[in-house]
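Trainee: Structure file run_5.pdb (PDB, C-alpha atoms) right here:
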ATOM      1  CA  MET A 273     104.367 -26.685-108.770
ATOM      2  CA  ILE A 274     104.667 -24.473-105.718
ATOM      3  CA  LYS A 275     101.395 -23.905-103.923
ATOM      4  CA  ASN A 276     101.405 -21.666-100.894
ATOM      5  CA  THR A 277      98.256 -20.687 -99.013
ATOM      6  CA  LEU A 278      97.983 -17.273 -97.423
ATOM      7  CA  THR A 279      95.017 -16.350 -95.217
ATOM      8  CA  LEU A 280      94.175 -12.829 -94.132
ATOM      9  CA  LEU A 281      91.922 -12.973 -91.089
ATOM     10  CA  ALA A 282      90.155  -9.691 -91.755
ATOM     11  CA  LEU A 283      90.545  -6.986 -94.325
ATOM     12  CA  SER A 284      89.161  -4.479 -91.853
ATOM     13  CA  THR A 285      92.077  -4.953 -89.442
ATOM     14  CA  LEU A 286      95.798  -5.627 -89.749
ATOM     15  CA  ALA A 287      95.458  -9.230 -88.678
ATOM     16  CA  PHE A 288      97.294 -12.050 -90.369
ATOM     17  CA  THR A 289      97.575 -15.798 -89.846
ATOM     18  CA  GLY A 290     101.053 -17.239 -89.708
ATOM     19  CA  ILE A 291     103.124 -14.543 -88.035
ATOM     20  CA  GLY A 292     105.786 -16.166 -85.841
ATOM     21  CA  LEU A 293     105.483 -19.580 -87.482
ATOM     22  CA  ALA A 294     108.504 -21.268 -89.055
ATOM     23  CA  GLN A 295     108.949 -20.381 -92.719
ATOM     24  CA  ASN A 296     108.710 -23.295 -95.135
ATOM     25  CA  VAL A 297     111.292 -23.442 -97.907
ATOM     26  CA  TYR A 298     109.753 -24.532-101.180
ATOM     27  CA  SER A 299     111.701 -26.296-103.920
ATOM     28  CA  ILE A 300     111.582 -25.160-107.551
ATOM     29  CA  PRO A 301     112.710 -27.565-110.305
ATOM     30  CA  PHE A 302     115.849 -26.504-112.158
ATOM     31  CA  ALA A 303     115.269 -24.499-115.370
ATOM     32  CA  SER A 304     111.506 -25.002-115.062
ATOM     33  CA  THR A 305     108.486 -23.184-116.467
ATOM     34  CA  GLY A 306     104.853 -23.060-115.406
ATOM     35  CA  ASN A 307     105.600 -22.868-111.669
ATOM     36  CA  GLY A 308     102.756 -21.385-109.645
ATOM     37  CA  ILE A 309     102.052 -19.698-106.329
ATOM     38  CA  GLU A 310      98.505 -19.472-105.001
ATOM     39  CA  LEU A 311      97.717 -16.980-102.241
ATOM     40  CA  THR A 312      94.296 -17.275-100.587
ATOM     41  CA  VAL A 313      92.850 -13.989 -99.347
ATOM     42  CA  GLU A 314      89.943 -14.257 -96.884
ATOM     43  CA  ASN A 315      87.585 -11.474 -95.830
ATOM     44  CA  THR A 316      86.140 -12.133 -92.377
ATOM     45  CA  SER A 317      84.809  -8.604 -91.943
ATOM     46  CA  ALA A 318      81.120  -7.649 -92.154
ATOM     47  CA  THR A 319      81.555  -5.619 -95.338
ATOM     48  CA  ALA A 320      82.699  -6.484 -98.838
ATOM     49  CA  ALA A 321      86.335  -5.804 -99.753
ATOM     50  CA  GLN A 322      86.908  -4.323-103.200
ATOM     51  CA  ASN A 323      89.959  -3.933-105.442
ATOM     52  CA  VAL A 324      92.343  -5.875-103.248
ATOM     53  CA  THR A 325      95.807  -5.795-104.863
ATOM     54  CA  VAL A 326      98.495  -8.426-104.415
ATOM     55  CA  ARG A 327     101.962  -7.540-105.728
ATOM     56  CA  VAL A 328     105.167  -9.569-105.693
ATOM     57  CA  SER A 329     108.574  -7.913-105.218
ATOM     58  CA  ASN A 330     112.187  -8.803-104.438
ATOM     59  CA  ILE A 331     112.294 -10.829-107.672
ATOM     60  CA  PRO A 332     115.795 -11.951-108.766
ATOM     61  CA  SER A 333     116.842 -11.539-112.405
ATOM     62  CA  TRP A 334     116.772 -15.299-112.990
ATOM     63  CA  LEU A 335     113.105 -15.600-112.062
ATOM     64  CA  GLY A 336     110.515 -14.561-114.634
ATOM     65  CA  PHE A 337     106.938 -13.805-113.560
ATOM     66  CA  THR A 338     104.128 -13.701-116.118
ATOM     67  CA  ALA A 339     102.629 -10.819-114.095
ATOM     68  CA  LYS A 340     103.822  -9.123-110.906
ATOM     69  CA  GLU A 341     100.413  -7.931-109.742
ATOM     70  CA  TRP A 342      96.998  -9.485-109.230
ATOM     71  CA  THR A 343      93.793  -7.606-108.442
ATOM     72  CA  ILE A 344      90.761  -9.157-106.770
ATOM     73  CA  LYS A 345      87.751  -7.010-107.670
ATOM     74  CA  GLU A 346      85.602  -8.006-104.714
ATOM     75  CA  ILE A 347      85.545 -10.420-101.798
ATOM     76  CA  ALA A 348      82.177 -10.824-100.095
ATOM     77  CA  PRO A 349      81.902 -10.760 -96.290
ATOM     78  CA  GLY A 350      83.095 -14.134 -95.045
ATOM     79  CA  GLY A 351      84.343 -15.016 -98.528
ATOM     80  CA  LYS A 352      87.747 -15.737 -99.983
ATOM     81  CA  ASP A 353      89.509 -15.562-103.324
ATOM     82  CA  LEU A 354      92.835 -16.504-104.904
ATOM     83  CA  ALA A 355      95.725 -14.470-106.237
ATOM     84  CA  LEU A 356      97.565 -16.598-108.788
ATOM     85  CA  PHE A 357     101.158 -16.070-109.950
ATOM     86  CA  THR A 358     103.048 -18.113-112.548
ATOM     87  CA  PHE A 359     106.778 -17.944-113.187
ATOM     88  CA  SER A 360     109.789 -19.654-114.724
ATOM     89  CA  ALA A 361     113.273 -20.276-113.339
ATOM     90  CA  HIS A 362     116.212 -19.580-115.675
ATOM     91  CA  ASN A 363     119.053 -22.083-115.811
ATOM     92  CA  SER A 364     121.390 -19.386-114.461
ATOM     93  CA  ALA A 365     119.628 -19.570-111.054
ATOM     94  CA  PRO A 366     121.938 -20.451-108.132
ATOM     95  CA  VAL A 367     121.186 -23.971-106.938
ATOM     96  CA  GLY A 368     120.273 -24.695-103.324
ATOM     97  CA  ARG A 369     120.316 -21.078-102.120
ATOM     98  CA  ASN A 370     117.301 -19.713-100.292
ATOM     99  CA  HIS A 371     115.606 -16.654-101.735
ATOM    100  CA  THR A 372     112.580 -14.854-100.315
ATOM    101  CA  LEU A 373     109.822 -13.262-102.388
ATOM    102  CA  THR A 374     107.700 -10.555-100.780
ATOM    103  CA  PHE A 375     103.963 -10.369-101.466
ATOM    104  CA  THR A 376     102.220  -7.142-100.496
ATOM    105  CA  ILE A 377      98.429  -7.230-100.124
ATOM    106  CA  SER A 378      96.773  -3.806-100.045
ATOM    107  CA  THR A 379      93.346  -2.163-100.233
ATOM    108  CA  PRO A 380      92.316   1.252-101.600
ATOM    109  CA  SER A 381      91.754   2.431 -98.012
ATOM    110  CA  GLY A 382      95.481   2.034 -97.278
ATOM    111  CA  GLN A 383      95.478  -1.248 -95.343
ATOM    112  CA  MET A 384      98.459  -3.476 -96.057
ATOM    113  CA  TRP A 385      99.687  -6.975 -95.265
ATOM    114  CA  ILE A 386     102.999  -8.659 -96.068
ATOM    115  CA  LYS A 387     103.578 -12.337 -96.847
ATOM    116  CA  GLU A 388     107.028 -13.778 -97.533
ATOM    117  CA  VAL A 389     107.588 -16.992 -99.493
ATOM    118  CA  THR A 390     111.036 -18.608 -99.356
ATOM    119  CA  PHE A 391     112.212 -21.060-101.997
ATOM    120  CA  ALA A 392     115.341 -22.684-103.397
ATOM    121  CA  VAL A 393     116.061 -23.961-106.892
ATOM    122  CA  ALA A 394     116.779 -27.689-106.973
ATOM    123  CA  ALA A 395     119.853 -29.115-108.703
ATOM    124  CA  PRO A 396     119.522 -30.515-112.231
ATOM    125  CA  GLU A 397     118.368 -34.126-112.274
ATOM    126  CA  ARG A 398     121.100 -35.219-114.668
ATOM    127  CA  PHE A 399     124.515 -34.326-116.025
ATOM    128  CA  GLU A 400     124.469 -32.891-119.531
ATOM    129  CA  LEU A 401     126.852 -31.318-122.016
ATOM    130  CA  LEU A 402     124.926 -28.818-124.117
ATOM    131  CA  GLN A 403     125.468 -27.709-127.689
ATOM    132  CA  ASN A 404     128.209 -25.119-127.978
ATOM    133  CA  TYR A 405     127.363 -21.741-129.469
ATOM    134  CA  PRO A 406     127.956 -20.272-131.918
ATOM    135  CA  ASN A 407     128.531 -23.321-134.086
ATOM    136  CA  PRO A 408     130.276 -23.008-136.527
ATOM    137  CA  PHE A 409     132.441 -20.377-134.838
ATOM    138  CA  ASN A 410     135.377 -18.070-135.471
ATOM    139  CA  PRO A 411     137.410 -17.561-133.388
ATOM    140  CA  SER A 412     135.659 -18.512-130.109
ATOM    141  CA  THR A 413     132.722 -20.555-128.880
ATOM    142  CA  THR A 414     130.900 -21.050-125.571
ATOM    143  CA  ILE A 415     130.652 -24.556-124.119
ATOM    144  CA  ALA A 416     127.852 -25.069-121.590
ATOM    145  CA  TYR A 417     127.007 -27.952-119.273
ATOM    146  CA  GLN A 418     124.943 -28.710-116.176
ATOM    147  CA  LEU A 419     125.871 -30.626-113.027
ATOM    148  CA  PRO A 420     123.549 -32.508-110.634
ATOM    149  CA  ALA A 421     126.082 -32.124-107.787
ATOM    150  CA  LYS A 422     129.200 -30.170-106.851
ATOM    151  CA  SER A 423     131.995 -31.745-108.856
ATOM    152  CA  ARG A 424     135.520 -31.449-110.067
ATOM    153  CA  VAL A 425     135.156 -30.578-113.735
ATOM    154  CA  ILE A 426     137.687 -31.032-116.528
ATOM    155  CA  LEU A 427     136.692 -29.478-119.829
ATOM    156  CA  LYS A 428     138.932 -30.250-122.787
ATOM    157  CA  VAL A 429     138.845 -29.870-126.554
ATOM    158  CA  PHE A 430     140.075 -32.552-128.983
ATOM    159  CA  ASN A 431     140.526 -32.695-132.732
ATOM    160  CA  VAL A 432     138.977 -35.412-134.905
ATOM    161  CA  LEU A 433     142.132 -37.531-134.508
ATOM    162  CA  GLY A 434     141.539 -37.673-130.748
ATOM    163  CA  GLN A 435     144.458 -35.392-129.950
ATOM    164  CA  GLU A 436     144.024 -32.955-127.077
ATOM    165  CA  VAL A 437     144.011 -29.364-128.288
ATOM    166  CA  ALA A 438     143.209 -27.394-125.127
ATOM    167  CA  THR A 439     142.193 -27.669-121.483
ATOM    168  CA  VAL A 440     139.482 -25.032-121.116
ATOM    169  CA  PHE A 441     138.749 -25.577-117.416
ATOM    170  CA  ASP A 442     139.964 -27.780-114.573
ATOM    171  CA  GLY A 443     138.538 -27.153-111.122
ATOM    172  CA  GLN A 444     135.584 -27.331-108.738
ATOM    173  CA  MET A 445     132.096 -26.301-109.800
ATOM    174  CA  GLU A 446     128.843 -26.108-107.858
ATOM    175  CA  ALA A 447     125.720 -27.935-109.018
ATOM    176  CA  GLY A 448     123.829 -26.093-111.728
ATOM    177  CA  TYR A 449     124.448 -24.539-115.120
ATOM    178  CA  HIS A 450     127.930 -23.439-116.183
ATOM    179  CA  GLN A 451     129.655 -22.234-119.306
ATOM    180  CA  ASP A 452     133.193 -21.552-120.487
ATOM    181  CA  THR A 453     134.557 -19.920-123.611
ATOM    182  CA  TRP A 454     137.202 -21.529-125.793
ATOM    183  CA  SER A 455     139.224 -19.315-128.087
ATOM    184  CA  ALA A 456     140.461 -21.225-131.132
ATOM    185  CA  SER A 457     142.543 -18.351-132.507
ATOM    186  CA  ALA A 458     145.726 -20.444-132.153
ATOM    187  CA  ALA A 459     144.140 -23.573-133.673
ATOM    188  CA  SER A 460     143.825 -24.435-137.347
ATOM    189  CA  SER A 461     140.459 -24.579-139.083
ATOM    190  CA  GLY A 462     138.643 -27.867-138.652
ATOM    191  CA  VAL A 463     136.216 -29.900-136.585
ATOM    192  CA  TYR A 464     136.707 -30.088-132.818
ATOM    193  CA  ILE A 465     135.111 -32.089-130.032
ATOM    194  CA  ALA A 466     134.423 -30.845-126.498
ATOM    195  CA  GLN A 467     134.699 -33.291-123.594
ATOM    196  CA  VAL A 468     133.521 -32.742-120.038
ATOM    197  CA  VAL A 469     134.491 -35.088-117.206
ATOM    198  CA  ALA A 470     132.839 -34.483-113.834
ATOM    199  CA  LEU A 471     133.501 -36.297-110.532
ATOM    200  CA  ASP A 472     131.437 -35.541-107.427
ATOM    201  CA  ASP A 473     132.242 -36.138-103.741
ATOM    202  CA  ARG A 474     130.353 -39.451-103.759
ATOM    203  CA  GLY A 475     132.492 -40.895-106.500
ATOM    204  CA  ASN A 476     129.948 -40.499-109.267
ATOM    205  CA  ARG A 477     131.668 -39.855-112.581
ATOM    206  CA  TRP A 478     130.121 -38.427-115.710
ATOM    207  CA  VAL A 479     131.711 -38.100-119.148
ATOM    208  CA  ALA A 480     130.198 -36.471-122.213
ATOM    209  CA  ARG A 481     131.488 -35.480-125.638
ATOM    210  CA  ARG A 482     129.921 -33.261-128.231
TER     211      ARG A 482
END
As a first step, turn the structure in this file into structure tokens.

Mentor:
Amino acid sequence: MIKNTLTLLALSTLAFTGIGLAQNVYSIPFASTGNGIELTVENTSATAAQNVTVRVSNIPSWLGFTAKEWTIKEIAPGGKDLALFTFSAHNSAPVGRNHTLTFTISTPSGQMWIKEVTFAVAAPERFELLQNYPNPFNPSTTIAYQLPAKSRVILKVFNVLGQEVATVFDGQMEAGYHQDTWSASAASSGVYIAQVVALDDRGNRWVARR
């Protein structure tokens, strides 16, 4: 779970802790749900702060937030409160690439603060060949798999006699989720088996059939 702490020095002035400091890059597990970000808002002014709104933006399509806005009804003088955001990361997320979310904190009087949170989606923990879909199919099906590291991938289709029917893909793939479509329009009706062989730069080799 991601937990990031944001502190606003005073809601009566545009002061913010952390400006100029190095930005941490947080890691999100691959294809994960229930991730959370906690932003702590502190009121060091002499008056209560009411209806403080925290909104997240710059959200990529492969990140799903339960809610994009959080409202704190009141923060007493010298008090603090949390803005809580939960989200999931789709398996289509690019692995290992930094992305920055923008959190805007505002008050009804027009004051505004910005906090940026940078993260990267981690690679899958294991190699896996997923169930093709649709199944049964006519005339094409999608074969999906995930890689824990950049690898040379060879995706082939065999018949039940073990004879090679088609090479669907042969080339380099980055870590993460991938899919290819096999058209069986030139093949006879029957049962077929997909095989993925992956070899990374460290010599690790994975083989799976389904």

Trainee: Can you list, as number ranges by chain, the residues that the PyMOL selection byres ((chain A and resi 395-408) around 7) selects here?

Mentor: A: 302, 367-368, 393-394, 409, 413-421, 447-448, 478, 480

Trainee: Residues of the last selection are to be written out with C-alpha atoms, as a PDB file, in the frame of the given file.

Mentor:
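To be explicit, this is the file written out as selection17.pdb:
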ATOM      1  CA  PHE A 302     115.849 -26.504-112.158  1.00  0.00           C
ATOM      2  CA  VAL A 367     121.186 -23.971-106.938  1.00  0.00           C
ATOM      3  CA  GLY A 368     120.273 -24.695-103.324  1.00  0.00           C
ATOM      4  CA  VAL A 393     116.061 -23.961-106.892  1.00  0.00           C
ATOM      5  CA  ALA A 394     116.779 -27.689-106.973  1.00  0.00           C
ATOM      6  CA  PHE A 409     132.441 -20.377-134.838  1.00  0.00           C
ATOM      7  CA  THR A 413     132.722 -20.555-128.880  1.00  0.00           C
ATOM      8  CA  THR A 414     130.900 -21.050-125.571  1.00  0.00           C
ATOM      9  CA  ILE A 415     130.652 -24.556-124.119  1.00  0.00           C
ATOM     10  CA  ALA A 416     127.852 -25.069-121.590  1.00  0.00           C
ATOM     11  CA  TYR A 417     127.007 -27.952-119.273  1.00  0.00           C
ATOM     12  CA  GLN A 418     124.943 -28.710-116.176  1.00  0.00           C
ATOM     13  CA  LEU A 419     125.871 -30.626-113.027  1.00  0.00           C
ATOM     14  CA  PRO A 420     123.549 -32.508-110.634  1.00  0.00           C
ATOM     15  CA  ALA A 421     126.082 -32.124-107.787  1.00  0.00           C
ATOM     16  CA  ALA A 447     125.720 -27.935-109.018  1.00  0.00           C
ATOM     17  CA  GLY A 448     123.829 -26.093-111.728  1.00  0.00           C
ATOM     18  CA  TRP A 478     130.121 -38.427-115.710  1.00  0.00           C
ATOM     19  CA  ALA A 480     130.198 -36.471-122.213  1.00  0.00           C
TER      20      ALA A 480
END

Trainee: Would you translate the PyMOL selection byres ((chain A and resi 378) around 9) into the concrete set of residues it matches in this file, as a list in words?

Mentor: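 With the PyMOL selection byres ((chain A and resi 378) around 9) on this model, the match is Asn323, Val324, Thr325, Val326, Arg327, Thr376, Ile377, Thr379, Pro380, Ser381, Gly382, Gln383, Met384, Trp385 and Ile386 of chain A.
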
Trainee: Within 9 Å of Asp472 in chain A, counting all atoms listed in the file, which residues show up once you throw out same-chain ones fewer than 3 positions away? Write them as number ranges by chain, please.

Mentor: A: 421-425, 475-478

Trainee: Which one of A:Ile309, A:Ile300, A:Ala365, A:Val437 sits closest to Tyr449 in chain A if you count only C-alpha atoms?

Mentor: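 Of A:Ile309, A:Ile300, A:Ala365, A:Val437, the one nearest Tyr449 in chain A is A:Ala365, counting only C-alpha atoms.
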
Trainee: Expand the PyMOL selection byres ((chain A and resi 453-455) around 10) into the individual residues it matches in the shown file, reporting them as a list of chain:residue names.

Mentor: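 When the PyMOL selection byres ((chain A and resi 453-455) around 10) is applied to the shown file, the picked residues are A:Asn404, A:Tyr405, A:Phe409, A:Asn410, A:Pro411, A:Ser412, A:Thr413, A:Thr414, A:Ile415, A:Ala416, A:Leu427, A:Lys428, A:Val429, A:Ala438, A:Thr439, A:Val440, A:Phe441, A:Gln451, A:Asp452, A:Ala456, A:Ser457, A:Ala458, A:Ala459, A:Ala466.
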
Trainee: Taking all atoms listed in the file into account, which of A:Glu436, A:Asp442, A:Asp473, A:Glu388 comes nearest Tyr298 in chain A?

Mentor: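 Once distances to Tyr298 in chain A are computed over all atoms listed in the file, the minimum belongs to A:Glu388.
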
Trainee: At what distance in Å, to one decimal, does CA of Lys345 in chain A lie from CA of Ser360 in chain A?

Mentor: 26.4 Å

Trainee: Give the answer as one residue: which of A:Leu354, A:Ala303, A:Ala348, A:Ile331 has the shortest atom-to-atom distance to Ala318 in chain A, using only C-alpha atoms?

Mentor: A:Ala348

Trainee: May I ask which of the residues A:Gly443, A:Gly308, A:Gly462, A:Gly434 is the closest one to Phe359 in chain A, counting all atoms listed in the file?

Mentor: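 Closest to Phe359 in chain A, using all atoms listed in the file: A:Gly308.
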
Trainee: Rounded to one decimal, what separation in Å do you get between CA of Lys340 in chain A and CA of Phe357 in chain A?

Mentor: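 If I compute the distance from CA of Lys340 in chain A to CA of Phe357 in chain A, I get 7.5 Å.
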
Trainee: With all atoms listed in the file as the atoms that count, which of A:Ser299, A:Gln467, A:Asn370, A:Thr316 lies nearest to Gly350 in chain A?

Mentor: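 Closest to Gly350 in chain A, using all atoms listed in the file: A:Thr316.
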
Trainee: Give me, please, the distance in Å between CA of Asn307 in chain A and CA of Glu341 in chain A, quoted to one decimal.

Mentor: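 Computing it gives 15.9 Å between the two atoms.
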